[in-house]
file structure00.txt (compact mmCIF, C-alpha atoms)
# COMPACT_ATOMS: atom_id res chain seq x y z
CA MET A 1 -45.81 -100.25 -19.25
CA SER A 2 -43.78 -102.16 -21.85
CA THR A 3 -40.15 -103.08 -21.25
CA SER A 4 -38.80 -100.56 -23.73
CA GLN A 5 -40.94 -97.80 -22.22
CA MET A 6 -39.55 -98.61 -18.78
CA LEU A 7 -36.01 -98.44 -20.16
CA LYS A 8 -36.77 -95.14 -21.88
CA GLY A 9 -38.11 -93.78 -18.61
CA ILE A 10 -34.92 -94.79 -16.83
CA LEU A 11 -32.73 -93.28 -19.55
CA GLU A 12 -34.78 -90.09 -19.33
CA GLY A 13 -34.16 -89.90 -15.59
CA CYS A 14 -30.44 -90.55 -16.01
CA LEU A 15 -30.13 -87.79 -18.59
CA LEU A 16 -32.03 -85.33 -16.40
CA SER A 17 -29.63 -86.16 -13.59
CA ILE A 18 -26.54 -85.72 -15.78
CA ILE A 19 -27.77 -82.39 -17.16
CA SER A 20 -28.63 -81.19 -13.65
CA LYS A 21 -24.91 -81.42 -12.78
CA GLY A 22 -24.11 -78.66 -15.28
CA GLU A 23 -24.45 -77.61 -18.90
CA THR A 24 -23.50 -80.47 -21.21
CA TYR A 25 -23.89 -81.88 -24.75
CA GLY A 26 -24.88 -85.18 -26.36
CA TYR A 27 -21.54 -86.90 -26.73
CA GLU A 28 -20.43 -85.92 -23.24
CA MET A 29 -23.69 -87.27 -21.77
CA MET A 30 -23.08 -90.57 -23.48
CA GLU A 31 -19.54 -90.70 -22.09
CA LYS A 32 -20.81 -89.97 -18.59
CA LEU A 33 -23.39 -92.74 -18.87
CA ASN A 34 -20.56 -95.08 -19.88
CA GLU A 35 -18.48 -93.98 -16.88
CA TYR A 36 -21.29 -95.19 -14.63
CA GLY A 37 -21.35 -98.51 -16.49
CA LEU A 38 -24.57 -97.64 -18.29
CA THR A 39 -23.55 -98.65 -21.79
CA MET A 40 -26.11 -98.85 -24.56
CA VAL A 41 -26.42 -100.93 -27.69
CA ARG A 42 -26.98 -97.67 -29.59
CA GLU A 43 -25.18 -94.53 -28.51
CA GLY A 44 -27.76 -92.62 -30.51
CA SER A 45 -30.57 -93.75 -28.21
CA ILE A 46 -30.09 -90.63 -26.13
CA TYR A 47 -31.14 -88.30 -28.97
CA PRO A 48 -34.80 -89.31 -29.32
CA VAL A 49 -35.00 -88.98 -25.50
CA LEU A 50 -33.36 -85.53 -25.62
CA LEU A 51 -35.86 -84.48 -28.30
CA ARG A 52 -38.68 -85.50 -25.97
CA LEU A 53 -37.16 -83.71 -22.96
CA LYS A 54 -36.96 -80.56 -25.08
CA LYS A 55 -40.56 -80.95 -26.28
CA GLU A 56 -41.78 -81.40 -22.69
CA GLY A 57 -39.92 -78.24 -21.70
CA PHE A 58 -37.65 -80.03 -19.22
CA VAL A 59 -34.49 -78.73 -20.90
CA SER A 60 -33.42 -75.62 -22.76
CA THR A 61 -30.71 -75.63 -25.39
CA VAL A 62 -28.14 -73.20 -26.67
CA ARG A 63 -25.71 -73.49 -29.60
CA LYS A 64 -22.08 -72.55 -29.21
CA GLN A 65 -19.09 -72.57 -31.52
CA VAL A 66 -16.50 -75.17 -30.58
CA PRO A 67 -12.81 -74.22 -30.79
CA SER A 68 -11.94 -77.40 -32.73
CA GLY A 69 -14.20 -76.37 -35.62
CA GLY A 70 -17.02 -78.46 -36.99
CA PRO A 71 -20.74 -77.76 -36.51
CA LYS A 72 -21.94 -75.58 -33.64
CA ARG A 73 -22.44 -77.64 -30.52
CA LYS A 74 -25.80 -77.90 -28.80
CA TYR A 75 -25.65 -77.55 -25.03
CA TYR A 76 -28.44 -78.62 -22.67
CA ARG A 77 -29.52 -77.09 -19.40
CA LEU A 78 -32.38 -78.07 -17.04
CA THR A 79 -35.34 -75.77 -16.75
CA GLU A 80 -37.39 -75.20 -13.59
CA LYS A 81 -39.79 -77.83 -14.87
CA GLY A 82 -36.86 -80.16 -15.54
CA TYR A 83 -35.69 -79.99 -11.92
CA GLU A 84 -39.23 -80.80 -10.77
CA GLU A 85 -39.33 -83.77 -13.15
CA LEU A 86 -35.96 -84.97 -11.83
CA GLU A 87 -37.28 -84.95 -8.24
CA GLU A 88 -40.35 -86.81 -9.49
CA PHE A 89 -38.12 -89.40 -11.16
CA LYS A 90 -36.01 -89.85 -8.03
CA ARG A 91 -39.16 -90.62 -6.03
CA ARG A 92 -40.43 -93.10 -8.64
CA TRP A 93 -37.03 -94.71 -8.90
CA SER A 94 -36.58 -95.20 -5.17
CA VAL A 95 -39.93 -97.00 -5.05
CA ILE A 96 -39.00 -99.25 -7.97
CA SER A 97 -35.43 -99.92 -6.86
CA SER A 98 -36.34 -100.67 -3.25
CA GLY A 99 -39.07 -103.00 -4.50
CA VAL A 100 -36.68 -104.80 -6.82
CA ASN A 101 -33.98 -104.97 -4.15
CA GLN A 102 -36.34 -106.46 -1.61
CA LEU A 103 -37.47 -109.03 -4.13
CA ILE A 104 -33.93 -110.06 -4.98
CA GLU A 105 -32.81 -110.20 -1.35
CA GLU A 106 -35.79 -112.42 -0.51
CA ASP A 107 -34.68 -114.73 -3.29
CA ASP A 108 -31.19 -114.86 -1.82
CA THR A 109 -32.43 -115.73 1.68
CA ASN A 110 -34.77 -118.39 0.29
CA GLU A 111 -31.90 -119.96 -1.59
CA THR A 112 -29.66 -120.12 1.46
CA VAL A 113 -32.35 -121.76 3.57
CA MET B 114 -10.96 -83.06 -39.91
CA LYS B 115 -13.65 -84.38 -42.22
CA LEU B 116 -16.36 -86.89 -41.50
CA SER B 117 -16.10 -90.32 -43.09
CA LYS B 118 -18.12 -91.03 -46.22
CA LYS B 119 -20.27 -93.48 -44.30
CA SER B 120 -21.21 -90.90 -41.68
CA GLN B 121 -21.94 -88.25 -44.30
CA THR B 122 -24.19 -90.66 -46.18
CA PHE B 123 -26.06 -91.47 -43.00
CA LEU B 124 -26.65 -87.78 -42.24
CA GLU B 125 -27.88 -87.12 -45.81
CA ASP B 126 -30.18 -90.14 -45.63
CA LEU B 127 -31.55 -89.03 -42.28
CA ARG B 128 -32.25 -85.55 -43.64
CA LEU B 129 -34.04 -87.01 -46.68
CA TYR B 130 -36.07 -89.34 -44.46
CA LEU B 131 -37.19 -86.51 -42.20
CA VAL B 132 -38.02 -84.16 -45.10
CA ALA B 133 -40.06 -86.92 -46.76
CA SER B 134 -41.84 -87.43 -43.44
CA GLY B 135 -42.93 -83.80 -43.49
CA LYS B 136 -40.96 -82.66 -40.45
CA ASP B 137 -40.16 -79.05 -39.66
CA GLU B 138 -37.12 -77.86 -41.60
CA ARG B 139 -35.50 -76.05 -38.65
CA GLU B 140 -35.95 -79.07 -36.39
CA ILE B 141 -34.40 -81.25 -39.09
CA GLU B 142 -31.29 -79.06 -39.38
CA ASP B 143 -31.10 -79.00 -35.59
CA ILE B 144 -31.00 -82.76 -35.09
CA VAL B 145 -28.83 -83.42 -38.16
CA SER B 146 -26.13 -80.98 -37.02
CA GLU B 147 -26.31 -82.36 -33.47
CA LEU B 148 -25.69 -85.87 -34.75
CA GLU B 149 -22.96 -84.51 -37.02
CA ASP B 150 -21.22 -83.13 -33.94
CA HIS B 151 -21.64 -86.50 -32.20
CA LEU B 152 -20.14 -88.33 -35.18
CA TYR B 153 -17.13 -85.96 -35.23
CA GLU B 154 -16.39 -86.83 -31.62
CA ALA B 155 -17.10 -90.52 -32.16
CA GLU B 156 -14.75 -90.74 -35.14
CA LYS B 157 -12.01 -89.01 -33.13
CA ASP B 158 -12.45 -91.88 -30.64
CA GLY B 159 -12.20 -94.39 -33.47
CA LYS B 160 -15.89 -95.34 -33.53
CA ASP B 161 -18.09 -95.31 -36.62
CA VAL B 162 -21.70 -94.57 -37.38
CA ASP B 163 -22.84 -98.09 -36.42
CA HIS B 164 -22.14 -97.21 -32.77
CA LEU B 165 -24.62 -94.39 -33.07
CA ILE B 166 -27.49 -96.11 -34.84
CA GLY B 167 -26.97 -99.81 -34.13
CA LYS B 168 -27.86 -102.43 -36.70
CA SER B 169 -30.87 -100.84 -38.38
CA PRO B 170 -30.85 -97.31 -39.79
CA LYS B 171 -34.57 -97.64 -40.45
CA GLU B 172 -35.40 -98.28 -36.81
CA TYR B 173 -33.24 -95.38 -35.65
CA MET B 174 -34.68 -92.95 -38.19
CA GLU B 175 -38.20 -93.97 -37.14
CA GLN B 176 -37.30 -93.31 -33.49
CA ILE B 177 -36.00 -89.83 -34.27
CA ALA B 178 -38.94 -89.03 -36.55
CA GLY B 179 -41.34 -90.26 -33.86
CA GLU B 180 -40.19 -87.51 -31.50
CA MET B 181 -40.49 -84.71 -34.06
CA SER B 182 -43.63 -82.82 -34.94
CA PHE B 183 -45.24 -82.81 -38.36
CA ASP B 184 -44.78 -79.41 -40.00
CA LYS B 185 -48.45 -78.65 -40.52
CA LYS B 186 -47.96 -74.96 -41.25
CA GLY B 187 -45.21 -75.58 -43.80
CA TRP B 188 -47.12 -78.26 -45.67
CA LEU B 189 -50.35 -76.30 -45.68
CA LYS B 190 -48.30 -73.68 -47.49
CA TYR B 191 -46.39 -75.91 -49.93
CA ILE B 192 -49.06 -78.36 -51.07
CA PRO B 193 -51.59 -75.79 -52.40
CA VAL B 194 -48.78 -73.93 -54.17
CA LEU B 195 -47.57 -77.16 -55.71
CA ILE B 196 -51.08 -78.13 -56.85
CA LEU B 197 -51.61 -74.65 -58.28
CA GLY B 198 -48.28 -74.91 -60.11
CA VAL B 199 -49.17 -78.24 -61.71
CA TYR B 200 -52.56 -76.92 -62.87
CA ALA B 201 -50.94 -73.77 -64.25
CA TYR B 202 -48.46 -75.95 -66.11
CA ILE B 203 -51.27 -78.07 -67.64
CA LEU B 204 -53.40 -75.02 -68.54
CA LEU B 205 -50.46 -73.20 -70.12
CA GLY B 206 -49.82 -76.23 -72.33
CA GLU B 207 -53.45 -76.38 -73.39
CA ALA B 208 -53.62 -72.65 -74.08
CA ILE B 209 -50.52 -72.80 -76.29
CA ARG B 210 -51.77 -75.90 -78.12
CA GLY B 211 -54.89 -74.42 -79.67
CA GLY B 212 -56.89 -73.46 -76.63
CA VAL B 213 -57.95 -74.69 -73.20
CA GLN B 214 -60.39 -77.56 -73.28
CA TYR B 215 -60.53 -79.05 -69.79
CA SER B 216 -63.13 -81.59 -68.67
CA LEU B 217 -64.31 -82.01 -65.10
CA LEU B 218 -63.13 -85.61 -65.18
CA LYS B 219 -59.63 -84.47 -66.12
CA ILE B 220 -59.59 -81.73 -63.49
CA ALA B 221 -60.49 -84.26 -60.80
CA GLY B 222 -58.19 -86.96 -62.23
CA ASP B 223 -55.20 -84.61 -62.33
CA PHE B 224 -55.87 -83.61 -58.74
CA PHE B 225 -55.76 -87.23 -57.58
CA ILE B 226 -52.59 -87.87 -59.56
CA ILE B 227 -50.83 -84.99 -57.80
CA ILE B 228 -51.87 -86.30 -54.37
CA ILE B 229 -50.96 -89.92 -55.21
CA SER B 230 -47.59 -88.80 -56.63
CA LEU B 231 -46.82 -86.82 -53.49
CA LEU B 232 -47.59 -89.79 -51.24
CA LEU B 233 -45.62 -92.09 -53.53
CA PHE B 234 -42.65 -89.72 -53.55
CA SER B 235 -42.69 -89.48 -49.77
CA GLY B 236 -42.89 -93.27 -49.41
CA VAL B 237 -40.12 -94.05 -51.89
CA ALA B 238 -37.83 -91.35 -50.48
CA LYS B 239 -38.28 -92.71 -46.95
CA TYR B 240 -37.64 -96.25 -48.15
CA ILE B 241 -34.47 -95.34 -50.02
CA ALA B 242 -33.17 -93.25 -47.12
CA SER B 243 -33.69 -95.93 -44.49
CA HIS B 244 -32.43 -98.99 -46.40
CA ARG B 245 -28.94 -99.67 -47.63
CA LEU B 246 -29.88 -100.35 -51.25
CA SER B 247 -27.67 -101.06 -54.24
CA LYS B 248 -27.34 -98.31 -56.85
CA PHE B 249 -29.32 -100.52 -59.26
CA LYS B 250 -32.31 -100.93 -56.92
CA GLU B 251 -32.24 -97.24 -56.11
CA GLY B 252 -32.30 -96.42 -59.84
CA MET B 253 -35.20 -98.80 -60.41
CA LEU B 254 -37.22 -97.16 -57.65
CA PHE B 255 -36.55 -93.68 -59.06
CA ALA B 256 -37.56 -94.88 -62.52
CA LEU B 257 -40.78 -96.28 -61.08
CA LEU B 258 -41.34 -92.95 -59.37
CA GLY B 259 -40.95 -91.16 -62.69
CA ILE B 260 -43.08 -93.55 -64.75
CA MET B 261 -46.01 -93.78 -62.34
CA PRO B 262 -47.35 -90.19 -62.61
CA ILE B 263 -46.81 -90.11 -66.39
CA SER B 264 -48.74 -93.33 -66.94
CA LEU B 265 -51.47 -92.07 -64.62
CA PHE B 266 -51.75 -88.83 -66.62
CA VAL B 267 -51.99 -90.88 -69.83
CA GLY B 268 -54.59 -93.13 -68.19
CA VAL B 269 -56.73 -90.11 -67.32
CA ILE B 270 -56.51 -88.86 -70.91
CA PHE B 271 -57.86 -92.22 -72.18
CA LEU B 272 -60.56 -92.24 -69.53
CA ASP B 273 -61.46 -88.70 -70.56
CA HIS B 274 -61.96 -89.84 -74.15
CA ALA B 275 -64.09 -92.79 -73.09
CA ILE B 276 -66.36 -91.00 -70.64
CA ASP B 277 -68.26 -87.80 -71.34
CA SER B 278 -68.12 -85.13 -68.67
CA PRO B 279 -68.84 -81.39 -68.76
CA GLU B 280 -66.01 -79.42 -70.36
CA ILE B 281 -64.64 -75.96 -69.83
CA ILE B 282 -63.67 -74.39 -73.16
CA PHE B 283 -61.96 -70.99 -73.27
CA ASN B 284 -62.33 -68.51 -76.14
CA GLN B 285 -59.44 -66.50 -77.61
CA THR B 286 -59.50 -63.88 -74.82
CA GLY B 287 -59.70 -66.64 -72.21
CA ASN B 288 -56.68 -68.39 -73.67
CA ILE B 289 -54.57 -65.26 -73.80
CA LEU B 290 -55.59 -64.45 -70.24
CA THR B 291 -54.65 -68.00 -69.21
CA VAL B 292 -51.18 -67.67 -70.70
CA VAL B 293 -50.62 -64.33 -68.98
CA LEU B 294 -51.94 -65.56 -65.61
CA CYS B 295 -49.96 -68.80 -65.72
CA ILE B 296 -46.71 -67.02 -66.59
CA GLY B 297 -47.48 -64.49 -63.83
CA LEU B 298 -48.01 -67.37 -61.41
CA PHE B 299 -44.69 -68.99 -62.33
CA ILE B 300 -42.90 -65.69 -61.81
CA GLY B 301 -44.71 -65.25 -58.49
CA MET B 302 -43.70 -68.74 -57.41
CA ALA B 303 -40.10 -68.06 -58.37
CA LEU B 304 -40.07 -64.88 -56.27
CA TRP B 305 -41.76 -66.66 -53.35
CA SER B 306 -39.48 -69.69 -53.38
CA LYS B 307 -36.42 -67.55 -54.30
CA THR B 308 -35.41 -70.06 -56.99
CA TRP B 309 -35.54 -69.94 -60.77
CA VAL B 310 -36.93 -73.47 -61.07
CA PRO B 311 -40.65 -72.52 -61.41
CA ILE B 312 -39.75 -70.31 -64.39
CA ILE B 313 -37.03 -72.41 -65.99
CA ILE B 314 -38.89 -75.75 -66.11
CA PRO B 315 -42.04 -74.47 -67.93
CA ALA B 316 -39.83 -72.29 -70.15
CA ILE B 317 -37.72 -75.25 -71.25
CA LEU B 318 -40.80 -77.37 -71.88
CA TYR B 319 -42.98 -74.80 -73.66
CA LEU B 320 -40.80 -72.06 -75.10
CA PRO B 321 -39.49 -74.12 -78.05
CA GLU B 322 -43.04 -75.14 -78.94
CA GLY B 323 -44.36 -71.61 -78.69
CA LEU B 324 -41.51 -70.07 -80.69
CA LEU B 325 -41.49 -72.75 -83.39
CA GLY B 326 -45.24 -72.27 -83.79
CA LEU B 327 -44.46 -68.76 -85.07
CA THR B 328 -42.17 -70.07 -87.84
CA ASP B 329 -43.14 -71.44 -91.29
CA LEU B 330 -41.26 -74.71 -90.76
CA ARG B 331 -42.95 -77.95 -91.76
CA LEU B 332 -44.78 -79.75 -88.92
CA GLU B 333 -42.33 -82.66 -89.00
CA THR B 334 -39.25 -80.43 -88.83
CA ARG B 335 -40.92 -78.43 -86.09
CA LEU B 336 -41.66 -81.45 -83.91
CA ILE B 337 -38.15 -82.84 -84.29
CA THR B 338 -36.49 -79.48 -83.52
CA GLN B 339 -38.84 -79.00 -80.60
CA ASN B 340 -37.99 -82.40 -79.08
CA ILE B 341 -34.27 -81.82 -79.50
CA LEU B 342 -34.53 -78.38 -77.86
CA VAL B 343 -36.64 -79.64 -74.94
CA PHE B 344 -34.40 -82.62 -74.23
CA SER B 345 -31.12 -80.75 -74.50
CA GLY B 346 -32.63 -77.94 -72.42
CA LEU B 347 -33.57 -80.36 -69.64
CA ILE B 348 -30.22 -82.13 -69.74
CA ILE B 349 -28.29 -78.84 -69.58
CA PHE B 350 -30.53 -77.62 -66.73
CA PHE B 351 -30.04 -80.75 -64.62
CA PHE B 352 -26.34 -80.77 -65.40
CA ILE B 353 -25.98 -77.19 -64.13
CA ILE B 354 -28.00 -78.00 -60.99
CA PHE B 355 -25.86 -81.09 -60.41
CA LYS B 356 -22.65 -79.08 -60.79
CA LYS B 357 -23.88 -76.40 -58.41
CA GLU B 358 -24.91 -78.95 -55.76
CA ARG B 359 -21.49 -80.57 -56.04
CA LYS B 360 -19.75 -77.25 -55.55
CA GLU B 361 -21.82 -76.36 -52.50
CA GLY B 362 -21.56 -79.85 -51.05
call {"tool": "encode", "arguments": {"input": "structure00.txt", "output": "structure tokens"}}
result
Amino acid sequence: MSTSQMLKGILEGCLLSIISKGETYGYEMMEKLNEYGLTMVREGSIYPVLLRLKKEGFVSTVRKQVPSGGPKRKYYRLTEKGYEELEEFKRRWSVISSGVNQLIEEDDTNETV
Amino acid sequence: MKLSKKSQTFLEDLRLYLVASGKDEREIEDIVSELEDHLYEAEKDGKDVDHLIGKSPKEYMEQIAGEMSFDKKGWLKYIPVLILGVYAYILLGEAIRGGVQYSLLKIAGDFFIIIISLLLFSGVAKYIASHRLSKFKEGMLFALLGIMPISLFVGVIFLDHAIDSPEIIFNQTGNILTVVLCIGLFIGMALWSKTWVPIIIPAILYLPEGLLGLTDLRLETRLITQNILVFSGLIIFFFIIFKKERKEG
């Protein structure tokens, strides 16, 4: 797995998690990511990922008129398959993160010795 | 509130890039309007399009295109119609100018020119859309795009003179039938595409020649009048199209 693929996978998981908390749209997802300190070089990076989630059938979309005018807004919702994928991601992530954490903590203890 | 010029340009470029990449039209409109919505919100927060796409529009457009499917069904429909249209256009010209005389070499050569031109058009359109070029460079590329097919067609004509290959020659009935069929095809294409372009373009190019052929004018006078009519016809046509686009945009 290349670095960028790993990052894409993480971003995919984060978006699944955000969408699972309730119907939302692109700009709001980006703002939520920022709230959690997950800022990106390119805000637009979420859109190729959203396209893939749609293609895989993890999300369904619906267009609604916004009161402020402008183009119709596209809202995302998780599908049954999307919830399964989110659980799958959580499992994968806990393996990775606990592995990384252990590694870092070992480093810390080695340094203090 | 209106989007900034820079954002609008980006959205137009993205649309052009995706069309030239052969993506599905509905999917294109979908992603373009989604990004338009994003840019509205972003500009309200005082951010510009660079926040969305980062440093390189090319890289971002490639990423988006990479996640979209190639519109196989659409292109399987458009390309044969386009090829048929070009052949009808060539045959109509031959039939009006003293009869169809079409060699196998020319039939094959014209086919390759259409395919090469299509690929070239797609490549140049993608390049222009994904790079921030000066107006001059853009103009040069479009000029190249226009000159290439014409010089290829001329090249095939020379090759056709140099090399003998079997020829299809129509008699009087064949020629009349060709004219009727070609005009029928243009009308059919206009109905199918719901635009007047497939009728107007051949009409502008051939009608003056056909009508002047019926007059007793001297050949010289005829050719000059014909050229003036064709050129002014094309200029007026593109001017009207340009005006209409402006109005809608």
call {"tool": "closest_atom_pairs", "arguments": {"input": "structure00.txt", "of": "chain B", "to": "chain A", "cutoff": "6 Å", "atoms": "all atoms listed in the file", "output": "tab-separated table"}}
result
residue	atom	partner	partner_atom	distance
B:Asp150	CA	A:Pro71	CA	6.0
B:His151	CA	A:Tyr27	CA	5.5
B:His164	CA	A:Arg42	CA	5.8
B:Leu165	CA	A:Gly44	CA	4.4
B:Ile166	CA	A:Arg42	CA	5.5
B:Gly167	CA	A:Arg42	CA	5.0
B:Ile177	CA	A:Pro48	CA	5.1
call {"tool": "axis_aligned_box", "arguments": {"input": "structure00.txt", "around": "stretch 281-285 of chain B", "padding_each_side": "8 Å", "output": "lines of an AutoDock Vina configuration file"}}
result
center_x = -62.0
center_y = -71.2
center_z = -73.7
size_x = 21.2
size_y = 25.5
size_z = 23.8
call {"tool": "atom_distance", "arguments": {"input": "structure00.txt", "atom1": "atom CA of B:Pro170", "atom2": "atom CA of B:Leu129"}}
result
12.8 Å
call {"tool": "residues_around", "arguments": {"input": "structure00.txt", "residues": "A:Arg77", "least_positions_apart": "5", "cutoff": "9 Å", "atoms": "all atoms listed in the file", "output": "number ranges by chain"}}
result
A: 19-20, 22-24, 58-62, 82
call {"tool": "atom_distance", "arguments": {"input": "structure00.txt", "atom1": "atom CA of B:Lys186", "atom2": "atom CA of B:Glu138"}}
result
11.2 Å
call {"tool": "atom_distance", "arguments": {"input": "structure00.txt", "atom1": "atom CA of B:Glu322", "atom2": "atom CA of B:Ile192"}}
result
28.7 Å
call {"tool": "residues_around", "arguments": {"input": "structure00.txt", "residues": "stretch 243-260 of chain B", "least_positions_apart": "2", "cutoff": "9 Å", "atoms": "all atoms listed in the file", "output": "ChimeraX atom specification"}}
result
/B:123,126-127,130,169-175,230,233-234,237-241,262-265
call {"tool": "closest_residue", "arguments": {"input": "structure00.txt", "among": "B:Val269, B:Leu218, B:Leu148, B:Ile317", "to": "B:Ile348", "atoms": "all atoms listed in the file"}}
result
B:Ile317
call {"tool": "closest_residue", "arguments": {"input": "structure00.txt", "among": "A:Gly57, A:Ser4, A:Leu38, A:Glu85", "to": "A:Ser17", "atoms": "all atoms listed in the file"}}
result
A:Glu85
call {"tool": "closest_residue", "arguments": {"input": "structure00.txt", "among": "B:Met261, B:Leu205, B:Ala275, B:Leu304", "to": "B:Leu320", "atoms": "only C-alpha atoms"}}
result
B:Leu205
call {"tool": "build_atoms", "arguments": {"input": "structure00.txt", "residues": "stretch 144-160 of chain B", "atoms": "N, CA, C and O atoms", "output": "mmCIF file, in the coordinates of the input"}}
result
data_model
loop_
_atom_site.group_PDB
_atom_site.id
_atom_site.type_symbol
_atom_site.label_atom_id
_atom_site.label_comp_id
_atom_site.auth_asym_id
_atom_site.auth_seq_id
_atom_site.Cartn_x
_atom_site.Cartn_y
_atom_site.Cartn_z
ATOM 1 N N ILE B 144 -31.400 -81.407 -35.491
ATOM 2 C CA ILE B 144 -31.000 -82.760 -35.090
ATOM 3 C C ILE B 144 -29.859 -83.280 -35.960
ATOM 4 O O ILE B 144 -28.945 -83.939 -35.467
ATOM 5 N N VAL B 145 -29.888 -82.935 -37.257
ATOM 6 C CA VAL B 145 -28.830 -83.420 -38.160
ATOM 7 C C VAL B 145 -27.468 -82.847 -37.731
ATOM 8 O O VAL B 145 -26.470 -83.564 -37.658
ATOM 9 N N SER B 146 -27.439 -81.547 -37.387
ATOM 10 C CA SER B 146 -26.130 -80.980 -37.020
ATOM 11 C C SER B 146 -25.705 -81.469 -35.634
ATOM 12 O O SER B 146 -24.517 -81.588 -35.350
ATOM 13 N N GLU B 147 -26.671 -81.808 -34.778
ATOM 14 C CA GLU B 147 -26.310 -82.360 -33.470
ATOM 15 C C GLU B 147 -25.671 -83.745 -33.637
ATOM 16 O O GLU B 147 -24.654 -84.049 -33.014
ATOM 17 N N LEU B 148 -26.257 -84.549 -34.506
ATOM 18 C CA LEU B 148 -25.690 -85.870 -34.750
ATOM 19 C C LEU B 148 -24.352 -85.779 -35.485
ATOM 20 O O LEU B 148 -23.459 -86.592 -35.279
ATOM 21 N N GLU B 149 -24.222 -84.738 -36.323
ATOM 22 C CA GLU B 149 -22.960 -84.510 -37.020
ATOM 23 C C GLU B 149 -21.854 -84.261 -35.988
ATOM 24 O O GLU B 149 -20.768 -84.839 -36.060
ATOM 25 N N ASP B 150 -22.170 -83.425 -35.009
ATOM 26 C CA ASP B 150 -21.220 -83.130 -33.940
ATOM 27 C C ASP B 150 -20.846 -84.406 -33.198
ATOM 28 O O ASP B 150 -19.676 -84.671 -32.922
ATOM 29 N N HIS B 151 -21.871 -85.236 -32.895
ATOM 30 C CA HIS B 151 -21.640 -86.500 -32.200
ATOM 31 C C HIS B 151 -20.686 -87.389 -33.008
ATOM 32 O O HIS B 151 -19.739 -87.962 -32.474
ATOM 33 N N LEU B 152 -20.949 -87.463 -34.326
ATOM 34 C CA LEU B 152 -20.140 -88.330 -35.180
ATOM 35 C C LEU B 152 -18.688 -87.840 -35.268
ATOM 36 O O LEU B 152 -17.758 -88.653 -35.319
ATOM 37 N N TYR B 153 -18.482 -86.517 -35.270
ATOM 38 C CA TYR B 153 -17.130 -85.960 -35.230
ATOM 39 C C TYR B 153 -16.368 -86.504 -34.032
ATOM 40 O O TYR B 153 -15.269 -87.016 -34.141
ATOM 41 N N GLU B 154 -17.021 -86.374 -32.864
ATOM 42 C CA GLU B 154 -16.390 -86.830 -31.620
ATOM 43 C C GLU B 154 -16.158 -88.332 -31.657
ATOM 44 O O GLU B 154 -15.098 -88.823 -31.268
ATOM 45 N N ALA B 155 -17.179 -89.055 -32.142
ATOM 46 C CA ALA B 155 -17.100 -90.520 -32.160
ATOM 47 C C ALA B 155 -15.941 -90.972 -33.052
ATOM 48 O O ALA B 155 -15.198 -91.889 -32.697
ATOM 49 N N GLU B 156 -15.806 -90.314 -34.219
ATOM 50 C CA GLU B 156 -14.750 -90.740 -35.140
ATOM 51 C C GLU B 156 -13.370 -90.406 -34.584
ATOM 52 O O GLU B 156 -12.404 -91.125 -34.835
ATOM 53 N N LYS B 157 -13.285 -89.330 -33.789
ATOM 54 C CA LYS B 157 -12.010 -89.010 -33.130
ATOM 55 C C LYS B 157 -11.643 -90.143 -32.173
ATOM 56 O O LYS B 157 -10.476 -90.457 -31.983
ATOM 57 N N ASP B 158 -12.676 -90.762 -31.558
ATOM 58 C CA ASP B 158 -12.450 -91.880 -30.640
ATOM 59 C C ASP B 158 -12.387 -93.210 -31.372
ATOM 60 O O ASP B 158 -12.448 -94.277 -30.741
ATOM 61 N N GLY B 159 -12.345 -93.158 -32.689
ATOM 62 C CA GLY B 159 -12.200 -94.390 -33.470
ATOM 63 C C GLY B 159 -13.457 -95.224 -33.589
ATOM 64 O O GLY B 159 -13.401 -96.425 -33.843
ATOM 65 N N LYS B 160 -14.630 -94.585 -33.374
ATOM 66 C CA LYS B 160 -15.890 -95.340 -33.530
ATOM 67 C C LYS B 160 -16.555 -94.892 -34.832
ATOM 68 O O LYS B 160 -16.300 -93.807 -35.314
#
